[in-house]
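S.K.: Handing over model_6.cif, mmCIF, C-alpha atoms.
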```
data_data
#
loop_
_atom_site.group_PDB
_atom_site.id
_atom_site.type_symbol
_atom_site.label_atom_id
_atom_site.label_comp_id
_atom_site.auth_asym_id
_atom_site.auth_seq_id
_atom_site.Cartn_x
_atom_site.Cartn_y
_atom_site.Cartn_z
ATOM 1 C CA MET G 1 -13.829 56.249 108.263
ATOM 2 C CA GLY G 2 -15.655 54.113 105.834
ATOM 3 C CA ALA G 3 -15.694 54.561 101.977
ATOM 4 C CA VAL G 4 -18.763 54.195 99.886
ATOM 5 C CA MET G 5 -18.200 53.260 96.202
ATOM 6 C CA ALA G 6 -20.937 53.691 93.660
ATOM 7 C CA GLY G 7 -20.901 52.469 90.047
ATOM 8 C CA THR G 8 -23.099 51.688 87.049
ATOM 9 C CA ALA G 9 -23.421 48.408 85.327
ATOM 10 C CA SER G 10 -22.866 48.262 81.470
ATOM 11 C CA TYR G 11 -25.151 46.090 79.386
ATOM 12 C CA ALA G 12 -24.775 45.174 75.601
ATOM 13 C CA GLN G 13 -27.637 46.400 73.364
ATOM 14 C CA ILE G 14 -29.775 43.670 71.933
ATOM 15 C CA GLN G 15 -30.638 44.246 68.256
ATOM 16 C CA ASP G 16 -32.262 42.431 65.352
ATOM 17 C CA GLU G 17 -32.647 43.570 61.756
ATOM 18 C CA GLU G 18 -34.002 42.814 58.301
ATOM 19 C CA ASN G 19 -32.770 44.336 55.031
ATOM 20 C CA VAL G 20 -34.631 45.450 51.940
ATOM 21 C CA THR G 21 -32.715 45.786 48.686
ATOM 22 C CA VAL G 22 -33.862 48.720 46.595
ATOM 23 C CA THR G 23 -33.135 48.465 42.867
ATOM 24 C CA MET G 24 -33.409 51.379 40.473
ATOM 25 C CA GLU G 25 -33.405 50.788 36.714
ATOM 26 C CA LEU G 26 -32.977 53.800 34.458
ATOM 27 C CA VAL G 27 -34.230 52.735 31.053
ATOM 28 C CA PRO G 28 -32.968 54.923 28.185
ATOM 29 C CA ILE G 29 -35.887 56.570 26.424
ATOM 30 C CA LEU G 30 -35.995 57.953 22.901
ATOM 31 C CA GLN G 31 -39.404 59.354 21.985
ATOM 32 C CA LEU G 32 -40.154 60.933 18.617
ATOM 33 C CA ASN G 33 -43.682 62.119 17.878
ATOM 34 C CA MET G 34 -45.135 63.222 14.545
ATOM 35 C CA ASN G 35 -47.974 65.629 15.208
ATOM 36 C CA THR G 36 -49.176 65.936 11.621
ATOM 37 C CA PRO G 37 -50.775 63.600 9.038
ATOM 38 C CA ASP G 38 -48.640 60.669 7.920
ATOM 39 C CA GLN G 39 -49.380 61.297 4.245
ATOM 40 C CA VAL G 40 -48.267 64.227 2.089
ATOM 41 C CA ASN G 41 -49.806 64.459 -1.377
ATOM 42 C CA PHE G 42 -48.346 66.151 -4.448
ATOM 43 C CA VAL G 43 -50.798 66.426 -7.353
ATOM 44 C CA PHE G 44 -49.313 67.907 -10.524
ATOM 45 C CA ASP G 45 -52.258 68.830 -12.705
ATOM 46 C CA GLU G 46 -51.121 72.217 -14.033
ATOM 47 C CA ILE G 47 -48.268 73.024 -16.424
ATOM 48 C CA SER G 48 -47.091 75.724 -14.021
ATOM 49 C CA GLU G 49 -46.737 73.086 -11.285
ATOM 50 C CA TYR G 50 -44.514 70.937 -13.486
ATOM 51 C CA ILE G 51 -42.282 73.924 -14.195
ATOM 52 C CA GLY G 52 -42.241 75.569 -10.779
ATOM 53 C CA GLY G 53 -42.868 72.544 -8.607
ATOM 54 C CA ILE G 54 -45.045 72.248 -5.522
ATOM 55 C CA THR G 55 -43.945 73.085 -1.984
ATOM 56 C CA GLN G 56 -45.768 71.713 1.051
ATOM 57 C CA TYR G 57 -45.007 74.073 3.928
ATOM 58 C CA GLY G 58 -45.063 72.817 7.507
ATOM 59 C CA ALA G 59 -46.367 69.441 6.373
ATOM 60 C CA THR G 60 -44.570 67.539 9.129
ATOM 61 C CA ILE G 61 -43.969 68.607 12.728
ATOM 62 C CA LEU G 62 -41.707 66.475 14.921
ATOM 63 C CA THR G 63 -41.315 66.684 18.692
ATOM 64 C CA ALA G 64 -38.567 64.877 20.563
ATOM 65 C CA SER G 65 -37.926 63.747 24.130
ATOM 66 C CA SER G 66 -34.976 61.727 25.363
ATOM 67 C CA THR G 67 -33.070 60.759 28.479
ATOM 68 C CA VAL G 68 -29.825 60.316 26.526
ATOM 69 C CA SER G 69 -27.914 62.225 23.868
ATOM 70 C CA TRP G 70 -29.297 61.583 20.397
ATOM 71 C CA ASP G 71 -29.171 62.171 16.640
ATOM 72 C CA LEU G 72 -32.022 62.559 14.155
ATOM 73 C CA PHE G 73 -32.060 61.945 10.406
ATOM 74 C CA ALA G 74 -34.537 61.437 7.576
ATOM 75 C CA SER G 75 -34.161 58.445 5.267
ATOM 76 C CA GLY G 76 -35.908 58.160 1.911
ATOM 77 C CA THR G 77 -37.076 54.674 1.035
ATOM 78 C CA SER G 78 -39.651 52.648 -0.894
ATOM 79 C CA GLY G 79 -40.609 49.062 -1.579
ATOM 80 C CA ALA G 80 -38.478 49.258 -4.717
ATOM 81 C CA HIS G 81 -35.621 50.907 -2.829
ATOM 82 C CA GLN G 82 -32.287 49.818 -4.231
ATOM 83 C CA ALA G 83 -28.841 50.829 -3.092
ATOM 84 C CA GLY G 84 -27.590 54.370 -3.557
ATOM 85 C CA THR G 85 -28.378 56.161 -6.791
ATOM 86 C CA ALA G 86 -30.591 53.298 -7.997
ATOM 87 C CA ALA G 87 -33.193 54.055 -5.298
ATOM 88 C CA ILE G 88 -36.554 54.706 -6.961
ATOM 89 C CA TRP G 89 -40.193 55.435 -6.138
ATOM 90 C CA ASP G 90 -42.874 52.723 -6.174
ATOM 91 C CA ASN G 91 -45.043 52.968 -9.266
ATOM 92 C CA GLN G 92 -48.615 52.269 -8.158
ATOM 93 C CA VAL G 93 -50.620 53.312 -11.231
ATOM 94 C CA THR G 94 -49.565 54.157 -14.791
ATOM 95 C CA TYR G 95 -51.489 56.543 -17.043
ATOM 96 C CA GLY G 96 -51.365 56.263 -20.827
ATOM 97 C CA ASN G 97 -49.261 53.853 -22.883
ATOM 98 C CA ALA G 98 -46.965 51.343 -21.227
ATOM 99 C CA PRO G 99 -43.388 52.626 -20.738
ATOM 100 C CA ALA G 100 -41.078 51.958 -23.640
ATOM 101 C CA ALA G 101 -37.742 53.194 -24.885
ATOM 102 C CA GLY G 102 -38.088 56.861 -25.803
ATOM 103 C CA ALA G 103 -41.387 57.134 -23.943
ATOM 104 C CA GLY G 104 -42.324 57.464 -20.288
ATOM 105 C CA GLN G 105 -40.036 56.016 -17.618
ATOM 106 C CA ILE G 106 -41.247 54.720 -14.252
ATOM 107 C CA ASP G 107 -37.852 54.595 -12.493
ATOM 108 C CA LEU G 108 -37.967 57.946 -10.729
ATOM 109 C CA PRO G 109 -35.244 58.857 -8.202
ATOM 110 C CA LEU G 110 -36.084 59.106 -4.500
ATOM 111 C CA ARG G 111 -33.807 62.138 -4.311
ATOM 112 C CA ALA G 112 -36.345 64.109 -6.331
ATOM 113 C CA LEU G 113 -37.840 64.907 -2.914
ATOM 114 C CA GLU G 114 -36.369 67.962 -1.187
ATOM 115 C CA LEU G 115 -36.692 68.814 2.510
ATOM 116 C CA HIS G 116 -36.348 72.036 4.463
ATOM 117 C CA GLN G 117 -36.150 72.085 8.252
ATOM 118 C CA PHE G 118 -36.569 74.641 11.021
ATOM 119 C CA PRO G 119 -34.647 75.115 13.235
ATOM 120 C CA SER G 120 -31.247 74.168 11.814
ATOM 121 C CA ASP G 121 -27.646 73.640 12.963
ATOM 122 C CA ILE G 122 -28.612 71.593 16.022
ATOM 123 C CA ASN G 123 -25.405 69.746 16.755
ATOM 124 C CA ASN G 124 -23.914 70.553 20.170
ATOM 125 C CA GLY G 125 -22.405 73.674 18.647
ATOM 126 C CA VAL G 126 -20.340 71.640 16.171
ATOM 127 C CA PRO G 127 -21.267 72.124 12.467
ATOM 128 C CA ASN G 128 -22.191 68.947 10.618
ATOM 129 C CA LEU G 129 -19.719 68.033 7.899
ATOM 130 C CA ALA G 130 -22.497 67.542 5.367
ATOM 131 C CA GLY G 131 -24.875 70.039 6.947
ATOM 132 C CA ASP G 132 -28.611 69.616 7.390
ATOM 133 C CA TYR G 133 -31.771 70.734 5.576
ATOM 134 C CA GLY G 134 -31.606 74.301 6.861
ATOM 135 C CA ALA G 135 -30.801 75.908 3.495
ATOM 136 C CA VAL G 136 -33.633 77.621 1.666
ATOM 137 C CA PHE G 137 -34.866 75.807 -1.422
ATOM 138 C CA ALA G 138 -32.748 76.630 -4.470
ATOM 139 C CA PRO G 139 -34.324 78.693 -7.278
ATOM 140 C CA VAL G 140 -36.196 76.624 -9.834
ATOM 141 C CA SER G 141 -33.861 77.647 -12.632
ATOM 142 C CA THR G 142 -30.608 76.939 -10.749
ATOM 143 C CA PRO G 143 -30.639 73.684 -8.773
ATOM 144 C CA ALA G 144 -28.135 73.661 -5.901
ATOM 145 C CA PHE G 145 -28.781 70.169 -4.469
ATOM 146 C CA THR G 146 -28.655 71.348 -0.860
ATOM 147 C CA ASN G 147 -31.936 69.827 0.274
ATOM 148 C CA ASN G 148 -32.285 66.417 -1.376
ATOM 149 C CA VAL G 149 -33.490 63.718 0.986
ATOM 150 C CA TYR G 150 -30.825 61.353 2.282
ATOM 151 C CA VAL G 151 -30.942 57.872 0.735
ATOM 152 C CA SER G 152 -28.912 55.027 2.206
ATOM 153 C CA ALA G 153 -26.104 53.645 0.079
ATOM 154 C CA SER G 154 -27.284 50.150 1.040
ATOM 155 C CA THR G 155 -30.679 48.505 0.679
ATOM 156 C CA SER G 156 -31.472 49.299 4.330
ATOM 157 C CA PRO G 157 -33.041 52.694 5.110
ATOM 158 C CA TYR G 158 -31.864 52.330 8.725
ATOM 159 C CA ASP G 159 -28.195 52.924 7.948
ATOM 160 C CA ALA G 160 -27.256 56.287 9.413
ATOM 161 C CA PRO G 161 -25.616 58.930 7.207
ATOM 162 C CA VAL G 162 -21.838 58.768 7.254
ATOM 163 C CA GLY G 163 -21.519 62.535 7.304
ATOM 164 C CA LEU G 164 -18.985 63.049 4.523
ATOM 165 C CA ALA G 165 -18.690 66.536 3.075
ATOM 166 C CA THR G 166 -18.724 65.176 -0.493
ATOM 167 C CA ASN G 167 -22.002 63.316 -0.038
ATOM 168 C CA GLU G 168 -25.516 64.336 0.850
ATOM 169 C CA ASP G 169 -25.449 62.476 4.149
ATOM 170 C CA ARG G 170 -27.387 65.046 6.101
ATOM 171 C CA TYR G 171 -28.725 64.870 9.639
ATOM 172 C CA ILE G 172 -31.605 66.924 10.972
ATOM 173 C CA ALA G 173 -29.957 67.103 14.396
ATOM 174 C CA GLY G 174 -26.698 65.745 15.737
ATOM 175 C CA GLY G 175 -24.375 63.959 13.382
ATOM 176 C CA THR G 176 -21.610 61.417 13.012
ATOM 177 C CA GLY G 177 -19.269 60.888 15.955
ATOM 178 C CA ALA G 178 -19.384 61.182 19.720
ATOM 179 C CA THR G 179 -19.145 64.981 19.756
ATOM 180 C CA SER G 180 -22.091 65.530 17.411
ATOM 181 C CA PHE G 181 -25.364 65.190 19.298
ATOM 182 C CA VAL G 182 -28.341 66.809 20.961
ATOM 183 C CA ALA G 183 -28.351 66.504 24.739
ATOM 184 C CA GLY G 184 -31.154 64.661 26.484
ATOM 185 C CA GLY G 185 -34.242 66.751 27.143
ATOM 186 C CA SER G 186 -37.817 67.251 26.013
ATOM 187 C CA TYR G 187 -39.952 69.627 23.990
ATOM 188 C CA LEU G 188 -42.217 69.676 27.072
ATOM 189 C CA THR G 189 -39.603 71.485 29.156
ATOM 190 C CA GLU G 190 -37.180 73.058 26.670
ATOM 191 C CA THR G 191 -38.247 75.996 24.540
ATOM 192 C CA GLY G 192 -36.692 78.325 22.034
ATOM 193 C CA VAL G 193 -34.410 77.912 19.055
ATOM 194 C CA ALA G 194 -31.012 76.459 19.835
ATOM 195 C CA ALA G 195 -28.090 78.841 19.577
ATOM 196 C CA ILE G 196 -24.511 77.715 19.051
ATOM 197 C CA GLY G 197 -23.539 75.554 22.009
ATOM 198 C CA ALA G 198 -27.099 75.182 23.266
ATOM 199 C CA ASN G 199 -29.172 72.020 23.002
ATOM 200 C CA ASN G 200 -32.704 73.217 23.473
ATOM 201 C CA ALA G 201 -34.321 72.408 20.118
ATOM 202 C CA TYR G 202 -36.703 69.468 20.348
ATOM 203 C CA TYR G 203 -39.365 70.782 17.946
ATOM 204 C CA TYR G 204 -38.915 70.605 14.162
ATOM 205 C CA VAL G 205 -41.009 71.848 11.250
ATOM 206 C CA ILE G 206 -40.390 70.127 7.887
ATOM 207 C CA ASP G 207 -41.293 71.472 4.427
ATOM 208 C CA TYR G 208 -41.281 69.345 1.259
ATOM 209 C CA ARG G 209 -40.732 70.249 -2.397
ATOM 210 C CA ILE G 210 -40.807 68.347 -5.691
ATOM 211 C CA ILE G 211 -40.060 69.879 -9.124
ATOM 212 C CA PRO G 212 -40.798 67.530 -12.060
ATOM 213 C CA GLY G 213 -39.661 70.019 -14.710
ATOM 214 C CA LEU G 214 -40.944 70.238 -18.257
ATOM 215 C CA PRO G 215 -40.435 67.707 -19.673
ATOM 216 C CA ALA G 216 -40.590 65.790 -16.403
ATOM 217 C CA ILE G 217 -36.966 64.779 -15.900
ATOM 218 C CA PHE G 218 -36.636 66.020 -12.270
ATOM 219 C CA PRO G 219 -33.686 68.377 -12.764
ATOM 220 C CA HIS G 220 -33.439 69.008 -8.993
ATOM 221 C CA ALA G 221 -32.901 65.328 -8.202
ATOM 222 C CA SER G 222 -29.269 64.799 -7.266
ATOM 223 C CA ASN G 223 -27.283 61.608 -7.576
ATOM 224 C CA GLY G 224 -26.198 61.670 -3.939
ATOM 225 C CA SER G 225 -22.871 63.404 -4.462
ATOM 226 C CA ILE G 226 -22.543 67.149 -4.039
ATOM 227 C CA ALA G 227 -19.515 67.201 -6.322
ATOM 228 C CA THR G 228 -21.381 65.663 -9.265
ATOM 229 C CA ALA G 229 -24.994 66.549 -8.459
ATOM 230 C CA GLY G 230 -27.277 67.278 -11.344
ATOM 231 C CA THR G 231 -26.796 64.108 -13.331
ATOM 232 C CA THR G 232 -30.093 63.555 -15.121
ATOM 233 C CA PHE G 233 -31.696 60.285 -14.122
ATOM 234 C CA ILE G 234 -33.941 60.168 -17.141
ATOM 235 C CA ALA G 235 -32.199 59.915 -20.491
ATOM 236 C CA ALA G 236 -32.406 62.736 -23.023
ATOM 237 C CA GLY G 237 -35.602 62.580 -25.037
ATOM 238 C CA GLU G 238 -37.435 60.605 -22.354
ATOM 239 C CA TYR G 239 -39.686 61.729 -19.524
ATOM 240 C CA ALA G 240 -41.427 60.470 -16.410
ATOM 241 C CA GLN G 241 -44.428 58.308 -17.139
ATOM 242 C CA PRO G 242 -47.641 59.905 -15.816
ATOM 243 C CA GLY G 243 -49.126 57.927 -12.962
ATOM 244 C CA VAL G 244 -49.158 57.539 -9.187
ATOM 245 C CA TYR G 245 -45.887 57.079 -7.310
ATOM 246 C CA THR G 246 -45.210 56.610 -3.624
ATOM 247 C CA MET G 247 -42.214 56.677 -1.288
ATOM 248 C CA ASN G 248 -41.644 56.895 2.461
ATOM 249 C CA VAL G 249 -39.584 59.234 4.576
ATOM 250 C CA LYS G 250 -38.479 57.542 7.777
ATOM 251 C CA TYR G 251 -37.538 59.895 10.597
ATOM 252 C CA LEU G 252 -35.080 58.004 12.773
ATOM 253 C CA MET G 253 -34.056 59.139 16.247
ATOM 254 C CA ILE G 254 -31.045 57.170 17.488
ATOM 255 C CA GLU G 255 -28.868 57.242 20.570
ATOM 256 C CA ASN G 256 -25.621 59.082 19.925
ATOM 257 C CA GLN G 257 -22.638 56.773 19.541
#
```
Could you show the structure in this file as structure tokens?

M.R.:
Amino acid sequence: MGAVMAGTASYAQIQDEENVTVTMELVPILQLNMNTPDQVNFVFDEISEYIGGITQYGATILTASSTVSWDLFASGTSGAHQAGTAAIWDNQVTYGNAPAAGAGQIDLPLRALELHQFPSDINNGVPNLAGDYGAVFAPVSTPAFTNNVYVSASTSPYDAPVGLATNEDRYIAGGTGATSFVAGGSYLTETGVAAIGANNAYYYVIDYRIIPGLPAIFPHASNGSIATAGTTFIAAGEYAQPGVYTMNVKYLMIENQ
């Protein structure tokens, strides 16, 4: 009896290849838009406006978008900006006699400008030590110094607030430290007012107020310290020289550190 054996032959697969390297770069994006005019004018031409001040409601609207966690603050500055309490407005035009001792003074404090923001308390659910600009403007007769614009203690307006409870180092959103921030997102996709613990506020409305007083000594202008706010910048018997003054408010959106 004969045996028949059947089998299959095994062959190695022949293969060739080329490789393509795919690189992805995720660039961090911080985008802050101002959807309103870049100039806000205060014209005091009535006695009642000196006494009661002028409020510009909804003068600035800010929208934010970001791929990273971020903080937002406003910084008052001018060409004549000096450090801390010496920060003053730029005097562009003077009306009347030249300033002299006992007459009009042109060194007017940047902190005469007050801000109010909506919404407020946007800080990853953690209250800011120095707060924000969410408080309502204080009554004309009783200054509370809760809304004065932040002014850097150095000559640079880009220095972020340090967030001390004894100073007016306010943020609009986020704050000092790694746990104080707004999460990445965009006003295009996130809506509503942020509740505690939520980070869905990327749309801000800013009001402005200035009260010269009568005489014009700017009684609502703080000296940068909550504990000693109310120090008059213009000496007794003097007053602000009539004229045109300018300053800038820089809105700075920075990556949270």

S.K.: Using only C-alpha atoms, which of G:Asn124, G:Asn248, G:Asn91, G:Ser186 sits nearest Leu62 in chain G?

M.R.: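 Smallest distance to Leu62 in chain G is found for G:Ser186.
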
S.K.: Take CA of Lys250 in chain G and CA of Gln39 in chain G and report the distance between them in Å, one decimal.

M.R.: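 Separating CA of Lys250 in chain G from CA of Gln39 in chain G is a distance of 12.1 Å.
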
S.K.: Could you list as a list of chain:residue names every residue that has an atom within 6 Å of (-39.6, 66.5, 1.0), using the file's coordinates and counting all atoms listed in the file?

M.R.: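 Those within range, by chain then number, are G:Leu113, G:Glu114, G:Leu115, G:Tyr208, G:Arg209.
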
S.K.: Between CA of Ser78 in chain G and CA of Tyr239 in chain G, what distance in Å does the model show, to one decimal?

M.R.: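 These atoms are spaced 20.7 Å apart.
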
S.K.: Expand the PyMOL selection byres ((chain G and resi 31) around 8) into the explicit residue set it covers here, and present it as a ChimeraX atom specification.

M.R.: /G:29-30,32-33,64-66,253
